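Notes follow once the structure below has been shown.
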Amino acid sequence: MTGRRARSTILGTACAAAMVVVAGAAVLTGGTASAEQRSAAAATAGCGKTPTLRDGTYQIQSGGQNRSYILRLPAGYTSSQAYRLVVGLHWLNGSANDVVGNGFYGLQQQSGNSAIFVAPQGLDAGWANTGGRDVTLVDDILRTVENDLCVDTAQRFALGFSYGGAMSYALACARPTVFRAVAPIAGANLSGCTPGTQPVAYFGIHGTRDSVLNISMGRSIRDTFVRNNGCTAQNPPEPGQGSGTHITTAYSGCRSGYPVQWAAHDGDHVPLPTDRNSSSSWVPGEVWRFFTQFGPVTPPSGPSTPPSGPSTPPSNPSTPPSSPPGAGTCRASSAVNAWNNGLTANITVTNTGGSAINGWTLAFDLAAGQTITSGWNATYAPASGRVTATNVGHNATLAPGASVSFGFQATHSGNGAAPTGYALNGSACTTLTP
């Protein structure tokens, strides 16, 4: 869904989808061995094989129906390397072509030719998943692609917007040992969730003013994986109306290797929201960093076949190299939403130097009377005065030109001003004013 014409349609389709999935719930637990099973760093049958698949649109028989998908290979594809695989799912009345057109929600550009991308086409331009048919379609596509191409089965991901977000949620519920992480954007429980009891790394994104699928629906599906992943329940901070910002919260207490993130933005039902005064969306960068925290894609030792029995994902996500942080030039900006005696601040820092930073700290000054009470995407010490924010595991690496966003909630005694005096790893930053 991208415009007004889709808004009335999704609500009716939502009800229909909810009804038909219940009837077909048992079917969702079925599937194919190659699509349902995974092991850490396992290579597929396509590794070491001369590929027959190329960029293009392909027809596939699935569940007795003629279905289709679009495939995009990385430049310089070689069967001697196992690649990530990303499934991008379209919105209601959208198409696989639309997903390809926006670069798989911007991830294709972020990927640096490290991933294979697949865009399935939904029946009736949606994802009702009647009788589990759309989960089965993804099973069948994965079997076909992985028999021909070299995929790291521990690095499969899915994302989508609106109805596509609902379908990515359904895949996490139905195929938790297939997909390492999912990122529903403005999603809801429209395509079912069966059985929905096992952990999957989860990054939910939703607008606080979503007029099509209320943000409460996004919170609800997020909380499925807050529970499944063993995270500490909380009500993450969300930006105030009119702030033009977003707030991303990393949940604490999650089972090792199964993080949950929640990004709320001050906006409506859109696939790639932007912060005020920004010309590009923050979604592609944040989602790609979330997906890639689980380890680099490395060349396989040789072709292999999928394991014959179920297995579990790696218990710990990889962390960036522990090389000492290096000082580099930087640019910093902040967006503050203040009220009576409290505020939230979202800080964005860009590495404007020529080399990557592996491990970062950002020092800044809080206004007098401000005290940090909680934060997200960084740790903070001390709580007032000259504060140092330190990266967490998933955002430690900052490539040249890349940005990282994090923030905090604080109390104040009348001064709700933004932080000042930013310094990244000891190097002063240029400060952009809102």
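Chain lettering (A, B, ...) mirrors the order of the structure tokens, residue numbering begins at 1 for each chain separately, and ligand numbering begins at 1 in order of display.
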
Which residues are near Gln108 of chain A? Cut-off 10 Å, only C-alpha atoms, ignore same chain within fewer than 3 positions. Put them as a PDB file with C-alpha atoms, in the first residue's frame.
ATOM      1  CA  ARG A  72      18.471 -10.239  -8.450  1.00  0.00           C
ATOM      2  CA  LEU A  73      22.032 -11.552  -8.133  1.00  0.00           C
ATOM      3  CA  PRO A  74      24.963  -9.518  -6.785  1.00  0.00           C
ATOM      4  CA  VAL A  86      16.927 -11.437   1.338  1.00  0.00           C
ATOM      5  CA  VAL A 100      12.701  -4.291  -7.187  1.00  0.00           C
ATOM      6  CA  ASN A 102      12.758   0.604  -4.597  1.00  0.00           C
ATOM      7  CA  GLY A 103      15.870  -1.557  -4.335  1.00  0.00           C
ATOM      8  CA  PHE A 104      14.293  -4.047  -1.943  1.00  0.00           C
ATOM      9  CA  TYR A 105      13.478  -1.254   0.501  1.00  0.00           C
ATOM     10  CA  SER A 111      24.445  -4.807   0.594  1.00  0.00           C
ATOM     11  CA  GLY A 112      27.682  -4.136  -1.273  1.00  0.00           C
ATOM     12  CA  ASN A 113      27.049  -7.142  -3.532  1.00  0.00           C
ATOM     13  CA  SER A 114      26.943  -9.518  -0.559  1.00  0.00           C
ATOM     14  CA  ALA A 115      23.372 -10.733  -1.008  1.00  0.00           C
ATOM     15  CA  ILE A 116      20.966 -12.465  -3.366  1.00  0.00           C
ATOM     16  CA  PHE A 117      17.545 -10.778  -3.465  1.00  0.00           C
ATOM     17  CA  PRO A 284      17.739   0.871   4.836  1.00  0.00           C
ATOM     18  CA  TRP A 288      20.915  -3.656   7.038  1.00  0.00           C
TER      19      TRP A 288
END

If we count only C-alpha atoms and set the cut-off at 7 Å, which residues sit around Phe406 of chain A, ignoring sequence neighbours fewer than 5 positions away in its own chain? Please answer as a ChimeraX atom specification. /A:248,346-348,376-378

I want to know what sits within 12 Å of Ala96 of chain A, based on only C-alpha atoms, with residues of the same chain fewer than 5 positions away left out; could you give that as a VMD selection string? chain A and resid 56 to 58 67 to 72 87 to 91 101 to 105 117 to 123 125 to 126 160 164

Using N, CA and C atoms, can you write the selected residues to a file as a PDB file, in the first residue's frame?
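Writing done, so here's selection.pdb:
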ATOM      1  N   GLY A  56      16.175 -11.860 -13.341  1.00  0.00           N
ATOM      2  CA  GLY A  56      15.004 -11.999 -14.190  1.00  0.00           C
ATOM      3  C   GLY A  56      13.774 -12.406 -13.415  1.00  0.00           C
ATOM      4  N   THR A  57      12.667 -12.552 -14.145  1.00  0.00           N
ATOM      5  CA  THR A  57      11.398 -12.997 -13.583  1.00  0.00           C
ATOM      6  C   THR A  57      11.207 -14.467 -13.907  1.00  0.00           C
ATOM      7  N   TYR A  58      10.837 -15.245 -12.902  1.00  0.00           N
ATOM      8  CA  TYR A  58      10.722 -16.690 -13.066  1.00  0.00           C
ATOM      9  C   TYR A  58       9.332 -17.167 -12.663  1.00  0.00           C
ATOM     10  N   ARG A  67       2.919 -19.536  -9.978  1.00  0.00           N
ATOM     11  CA  ARG A  67       3.332 -18.343  -9.232  1.00  0.00           C
ATOM     12  C   ARG A  67       4.593 -17.760  -9.878  1.00  0.00           C
ATOM     13  N   SER A  68       5.045 -16.615  -9.377  1.00  0.00           N
ATOM     14  CA  SER A  68       6.227 -15.994  -9.976  1.00  0.00           C
ATOM     15  C   SER A  68       7.045 -15.266  -8.920  1.00  0.00           C
ATOM     16  N   TYR A  69       8.286 -14.998  -9.264  1.00  0.00           N
ATOM     17  CA  TYR A  69       9.174 -14.201  -8.408  1.00  0.00           C
ATOM     18  C   TYR A  69      10.240 -13.549  -9.287  1.00  0.00           C
ATOM     19  N   ILE A  70      10.827 -12.486  -8.767  1.00  0.00           N
ATOM     20  CA  ILE A  70      11.926 -11.805  -9.449  1.00  0.00           C
ATOM     21  C   ILE A  70      13.199 -12.055  -8.662  1.00  0.00           C
ATOM     22  N   LEU A  71      14.266 -12.351  -9.382  1.00  0.00           N
ATOM     23  CA  LEU A  71      15.558 -12.662  -8.770  1.00  0.00           C
ATOM     24  C   LEU A  71      16.582 -11.600  -9.160  1.00  0.00           C
ATOM     25  N   ARG A  72      17.363 -11.161  -8.197  1.00  0.00           N
ATOM     26  CA  ARG A  72      18.471 -10.239  -8.450  1.00  0.00           C
ATOM     27  C   ARG A  72      19.730 -10.797  -7.787  1.00  0.00           C
ATOM     28  N   VAL A  87      14.544 -11.870   1.202  1.00  0.00           N
ATOM     29  CA  VAL A  87      13.230 -11.948   0.572  1.00  0.00           C
ATOM     30  C   VAL A  87      12.494 -10.634   0.839  1.00  0.00           C
ATOM     31  N   GLY A  88      12.152  -9.900  -0.230  1.00  0.00           N
ATOM     32  CA  GLY A  88      11.426  -8.645  -0.116  1.00  0.00           C
ATOM     33  C   GLY A  88       9.985  -8.818  -0.553  1.00  0.00           C
ATOM     34  N   LEU A  89       9.042  -8.416   0.278  1.00  0.00           N
ATOM     35  CA  LEU A  89       7.618  -8.680   0.060  1.00  0.00           C
ATOM     36  C   LEU A  89       6.859  -7.378  -0.160  1.00  0.00           C
ATOM     37  N   HIS A  90       6.028  -7.353  -1.216  1.00  0.00           N
ATOM     38  CA  HIS A  90       5.333  -6.124  -1.608  1.00  0.00           C
ATOM     39  C   HIS A  90       4.107  -5.871  -0.746  1.00  0.00           C
ATOM     40  N   TRP A  91       3.563  -4.669  -0.851  1.00  0.00           N
ATOM     41  CA  TRP A  91       2.361  -4.250  -0.126  1.00  0.00           C
ATOM     42  C   TRP A  91       1.106  -4.630  -0.907  1.00  0.00           C
ATOM     43  N   GLY A 101      11.897  -2.071  -7.776  1.00  0.00           N
ATOM     44  CA  GLY A 101      12.052  -0.660  -8.110  1.00  0.00           C
ATOM     45  C   GLY A 101      12.572   0.185  -6.962  1.00  0.00           C
ATOM     46  N   ASN A 102      12.219  -0.180  -5.716  1.00  0.00           N
ATOM     47  CA  ASN A 102      12.758   0.604  -4.597  1.00  0.00           C
ATOM     48  C   ASN A 102      13.999  -0.047  -3.986  1.00  0.00           C
ATOM     49  N   GLY A 103      14.617  -0.945  -4.781  1.00  0.00           N
ATOM     50  CA  GLY A 103      15.870  -1.557  -4.335  1.00  0.00           C
ATOM     51  C   GLY A 103      15.702  -2.446  -3.126  1.00  0.00           C
ATOM     52  N   PHE A 104      14.573  -3.173  -3.081  1.00  0.00           N
ATOM     53  CA  PHE A 104      14.293  -4.047  -1.943  1.00  0.00           C
ATOM     54  C   PHE A 104      14.357  -3.243  -0.651  1.00  0.00           C
ATOM     55  N   TYR A 105      13.551  -2.168  -0.640  1.00  0.00           N
ATOM     56  CA  TYR A 105      13.478  -1.254   0.501  1.00  0.00           C
ATOM     57  C   TYR A 105      14.850  -0.657   0.830  1.00  0.00           C
ATOM     58  N   PHE A 117      18.846 -11.338  -3.815  1.00  0.00           N
ATOM     59  CA  PHE A 117      17.545 -10.778  -3.465  1.00  0.00           C
ATOM     60  C   PHE A 117      16.434 -11.469  -4.257  1.00  0.00           C
ATOM     61  N   VAL A 118      15.328 -11.751  -3.565  1.00  0.00           N
ATOM     62  CA  VAL A 118      14.177 -12.415  -4.162  1.00  0.00           C
ATOM     63  C   VAL A 118      12.924 -11.616  -3.831  1.00  0.00           C
ATOM     64  N   ALA A 119      12.103 -11.336  -4.848  1.00  0.00           N
ATOM     65  CA  ALA A 119      10.826 -10.645  -4.647  1.00  0.00           C
ATOM     66  C   ALA A 119       9.698 -11.527  -5.166  1.00  0.00           C
ATOM     67  N   PRO A 120       8.994 -12.248  -4.299  1.00  0.00           N
ATOM     68  CA  PRO A 120       7.856 -13.061  -4.752  1.00  0.00           C
ATOM     69  C   PRO A 120       6.658 -12.169  -5.104  1.00  0.00           C
ATOM     70  N   GLN A 121       5.758 -12.699  -5.929  1.00  0.00           N
ATOM     71  CA  GLN A 121       4.526 -12.005  -6.284  1.00  0.00           C
ATOM     72  C   GLN A 121       3.355 -12.649  -5.556  1.00  0.00           C
ATOM     73  N   GLY A 122       2.583 -11.838  -4.832  1.00  0.00           N
ATOM     74  CA  GLY A 122       1.428 -12.362  -4.120  1.00  0.00           C
ATOM     75  C   GLY A 122       0.229 -12.554  -5.028  1.00  0.00           C
ATOM     76  N   LEU A 123      -0.637 -13.497  -4.676  1.00  0.00           N
ATOM     77  CA  LEU A 123      -1.892 -13.683  -5.411  1.00  0.00           C
ATOM     78  C   LEU A 123      -2.843 -12.549  -5.057  1.00  0.00           C
ATOM     79  N   ALA A 125      -2.441  -9.621  -5.622  1.00  0.00           N
ATOM     80  CA  ALA A 125      -1.578  -8.512  -5.195  1.00  0.00           C
ATOM     81  C   ALA A 125      -1.544  -8.371  -3.679  1.00  0.00           C
ATOM     82  N   GLY A 126      -1.625  -9.499  -2.972  1.00  0.00           N
ATOM     83  CA  GLY A 126      -1.589  -9.469  -1.523  1.00  0.00           C
ATOM     84  C   GLY A 126      -1.049 -10.769  -0.954  1.00  0.00           C
ATOM     85  N   GLY A 160       9.235  -6.533   4.582  1.00  0.00           N
ATOM     86  CA  GLY A 160       8.181  -6.064   3.699  1.00  0.00           C
ATOM     87  C   GLY A 160       7.430  -4.929   4.357  1.00  0.00           C
ATOM     88  N   GLY A 164       3.051  -6.773   3.078  1.00  0.00           N
ATOM     89  CA  GLY A 164       4.339  -7.454   3.001  1.00  0.00           C
ATOM     90  C   GLY A 164       4.992  -7.589   4.366  1.00  0.00           C
TER      91      GLY A 164
END

Judged by only C-alpha atoms, the minimum distance to Trp360 of chain A among A:Gln293, A:Ser79, A:Ser243, A:Asn395 is found for A:Asn395

If DSSP is run on the backbone, what residues of segment 188-364 of chain A are strand (DSSP E)? A reply as a PyMOL selection string would be ideal. chain A and resi 201-207+246-250+260-265+330-339+342-351+357-358+361-364

When distances are computed from only C-alpha atoms, which of A:Ser374, A:Gln109, A:Ser355, A:Gln59 shows the smallest separation from Asn235 of chain A? A:Ser374

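The list of residues with at least one atom within 9 Å of Ala332 of chain A, based on only C-alpha atoms and without residues fewer than 6 positions apart in the same chain, reads A:Ile347, A:Thr348, A:Val349, A:Thr350, A:Tyr422, A:Ala423, A:Cys429, A:Thr430, A:Thr431, A:Leu432, A:Thr433.
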
Selected residues written out with N, CA and C atoms, as an mmCIF file, in the first residue's frame:
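Here's the written file selection.cif:
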data_model
loop_
_atom_site.group_PDB
_atom_site.id
_atom_site.type_symbol
_atom_site.label_atom_id
_atom_site.label_comp_id
_atom_site.auth_asym_id
_atom_site.auth_seq_id
_atom_site.Cartn_x
_atom_site.Cartn_y
_atom_site.Cartn_z
ATOM 1 N N ILE A 347 20.076 11.109 18.507
ATOM 2 C CA ILE A 347 21.343 11.631 17.992
ATOM 3 C C ILE A 347 21.767 10.817 16.782
ATOM 4 N N THR A 348 22.200 11.493 15.741
ATOM 5 C CA THR A 348 22.742 10.831 14.552
ATOM 6 C C THR A 348 24.170 11.306 14.337
ATOM 7 N N VAL A 349 25.071 10.361 14.190
ATOM 8 C CA VAL A 349 26.487 10.682 13.960
ATOM 9 C C VAL A 349 26.925 10.037 12.661
ATOM 10 N N THR A 350 27.614 10.804 11.838
ATOM 11 C CA THR A 350 28.118 10.323 10.558
ATOM 12 C C THR A 350 29.635 10.331 10.571
ATOM 13 N N TYR A 422 29.839 17.760 20.727
ATOM 14 C CA TYR A 422 30.032 16.359 20.337
ATOM 15 C C TYR A 422 31.483 16.064 19.961
ATOM 16 N N ALA A 423 31.973 14.891 20.392
ATOM 17 C CA ALA A 423 33.310 14.428 20.003
ATOM 18 C C ALA A 423 33.263 12.925 19.825
ATOM 19 N N CYS A 429 33.242 16.950 16.477
ATOM 20 C CA CYS A 429 32.343 16.789 15.326
ATOM 21 C C CYS A 429 31.764 18.131 14.901
ATOM 22 N N THR A 430 31.507 18.232 13.613
ATOM 23 C CA THR A 430 30.692 19.331 13.105
ATOM 24 C C THR A 430 29.261 19.092 13.562
ATOM 25 N N THR A 431 28.616 20.128 14.093
ATOM 26 C CA THR A 431 27.252 19.974 14.603
ATOM 27 C C THR A 431 26.266 20.606 13.657
ATOM 28 N N LEU A 432 25.248 19.812 13.263
ATOM 29 C CA LEU A 432 24.169 20.329 12.435
ATOM 30 C C LEU A 432 23.024 20.736 13.334
ATOM 31 N N THR A 433 22.482 21.911 13.144
ATOM 32 C CA THR A 433 21.355 22.356 13.948
ATOM 33 C C THR A 433 20.065 21.972 13.241
#

Contacts of Phe408 of chain A at 6 Å or less, counting only C-alpha atoms, minus same-chain residues fewer than 2 places along, as a PyMOL selection string? chain A and resi 344-345+374-375

Would you please extract all alpha helix (DSSP H) residues from segment 39-130 of chain A, as assigned by DSSP on the backbone, and give them as a PyMOL selection string? chain A and resi 96-101+107-110

Pull C-alpha atoms from the residues just selected and write them as a PDB file, in the first residue's frame.
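Below is the file that was written, out_10.pdb:
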ATOM      1  CA  ALA A  96       7.359  -7.719  -7.046  1.00  0.00           C
ATOM      2  CA  ASN A  97       8.350  -5.101  -9.623  1.00  0.00           C
ATOM      3  CA  ASP A  98       7.642  -2.387  -7.053  1.00  0.00           C
ATOM      4  CA  VAL A  99       9.970  -4.043  -4.558  1.00  0.00           C
ATOM      5  CA  VAL A 100      12.701  -4.291  -7.187  1.00  0.00           C
ATOM      6  CA  GLY A 101      12.052  -0.660  -8.110  1.00  0.00           C
ATOM      7  CA  LEU A 107      18.832  -2.889   1.057  1.00  0.00           C
ATOM      8  CA  GLN A 108      20.247  -3.730  -2.351  1.00  0.00           C
ATOM      9  CA  GLN A 109      22.364  -0.581  -2.313  1.00  0.00           C
ATOM     10  CA  GLN A 110      23.393  -1.234   1.297  1.00  0.00           C
TER      11      GLN A 110
END

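Of the listed residues (A:Ala154, A:Leu149, A:Val182, A:Ala410), A:Ala410 comes nearest to Asn341 of chain A; the distances count only C-alpha atoms.
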
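If only C-alpha atoms are the atoms counted, then among A:Ala356, A:Ala381, A:Leu137, A:Val283 the closest residue to Ala263 of chain A is A:Val283.
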
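Distance check against Val212 of chain A using only C-alpha atoms: of A:Val270, A:Leu343, A:Ala417, A:Met167, the minimum falls on A:Val270.
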
Measuring atom to atom with only C-alpha atoms, identify which of A:Gly354, A:Thr194, A:Ala368, A:Ser413 is nearest to Gly401 of chain A. A:Gly354

Name all residues at most 10 Å from Arg156 of chain A (count only C-alpha atoms; drop same-chain ones fewer than 3 positions away) and give them as an NGL selection string. :A and (38 or 83-87 or 115-116 or 142 or 151-153 or 177-182 or 291)

Could you name the residues that touch Gly218 of chain A at 10 Å or less, counting only C-alpha atoms, but leaving out those on the same chain fewer than 4 positions away, as number ranges by chain? A: 162, 165-166, 184-189, 204-208, 210, 213-214, 222-223, 262, 264

Create the file for the chosen residues now, containing C-alpha atoms and written as a PDB file, in the first residue's frame.
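File produced: result_22.pdb:
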ATOM      1  CA  SER A 162       2.197  -3.225   5.177  1.00  0.00           C
ATOM      2  CA  GLY A 165       5.287  -6.690   6.596  1.00  0.00           C
ATOM      3  CA  ALA A 166       2.497  -8.982   7.723  1.00  0.00           C
ATOM      4  CA  PRO A 184       8.218  -5.874   9.208  1.00  0.00           C
ATOM      5  CA  ILE A 185       7.568  -2.237   8.222  1.00  0.00           C
ATOM      6  CA  ALA A 186       4.097  -1.007   9.245  1.00  0.00           C
ATOM      7  CA  GLY A 187       2.979  -4.615   9.566  1.00  0.00           C
ATOM      8  CA  ALA A 188       0.177  -6.405  11.419  1.00  0.00           C
ATOM      9  CA  ASN A 189      -1.148  -9.927  11.903  1.00  0.00           C
ATOM     10  CA  GLY A 204       9.724  -3.787  13.834  1.00  0.00           C
ATOM     11  CA  ILE A 205       9.182  -0.342  12.275  1.00  0.00           C
ATOM     12  CA  HIS A 206       5.943   1.648  12.519  1.00  0.00           C
ATOM     13  CA  GLY A 207       4.598   5.188  12.297  1.00  0.00           C
ATOM     14  CA  THR A 208       2.947   6.692  15.359  1.00  0.00           C
ATOM     15  CA  ASP A 210      -0.291   5.303  10.843  1.00  0.00           C
ATOM     16  CA  LEU A 213      -2.654  -0.078  10.298  1.00  0.00           C
ATOM     17  CA  ASN A 214      -2.603   1.537  13.719  1.00  0.00           C
ATOM     18  CA  ARG A 222       6.504  -7.089  17.972  1.00  0.00           C
ATOM     19  CA  ASP A 223       5.532  -8.385  21.396  1.00  0.00           C
ATOM     20  CA  TRP A 262      11.573  -1.325  17.666  1.00  0.00           C
ATOM     21  CA  ALA A 264       8.742   4.267  15.932  1.00  0.00           C
TER      22      ALA A 264
END

State, in Å with one decimal place, the distance from atom CA of Gly230 of chain A to atom CA of Trp282 of chain A. 27.3 Å

Suppose you want the space between atom CA of Pro236 of chain A and atom CA of Ser405 of chain A; what is it in Å? 15.5 Å

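When atom CA of Val404 of chain A is paired with atom CA of Ala363 of chain A, their separation reads 14.4 Å.
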